[in-house]
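A quick write-up on the structure given underneath.
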Amino acid sequence: MLTRLRLISIFFSLTYLALIARLFYWQIYKGMELSAQARGQYQKESTIETSRGDILSSGSSWLAASGEAWMVYAALTDVTDSPKVIAEKLAPC
């Protein structure tokens with residue numbers, strides 16, 4: 001009975017030491033490399049070029065069509081011109 005208890009104790013101790021060694025390896029030895037890889041995953045930008053079809057109604061008129069469009073953003077705290085002046089700059093007549 002005592003021998004079996006010692007074997008189990010040694011097994012769990014070795015398993016615990018192996019786990020601590022592996023955690024040390026990942027945290028200390030490979031930590032900077034893994035951190036750089038993680039940052040690279042979040043800062044990756046990719047563009048997917050695909051063609052999209054048009055959506056037509058039963059009367060053959062367009063409900064939706066593919067085309068280029070621009071998105072414009074502005075921080076309201078930085079805008080100092082009047083709305084009319086900004087509209088004229090964005091869409092001149």
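We name chains A, B, ... following the order of the structure tokens; residues begin at 1 in each chain, and ligands are numbered from 1 as shown.
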Problem set entry | Test item, strand (DSSP E or B) assignment across chain A, answer as a PyMOL selection string | chain A and resi 55-56+62-64
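Using only C-alpha atoms, the nearest neighbour of A:Leu90 within the list A:Tyr73, A:Leu2, A:Tyr42, A:Ser58 is A:Tyr73.
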For this session: Apply DSSP to the structure's backbone, then extract all residues of chain A labelled helix (DSSP H, G or I) and return them as a PyMOL selection string.
Result: chain A and resi 2-29+31-42+83-90
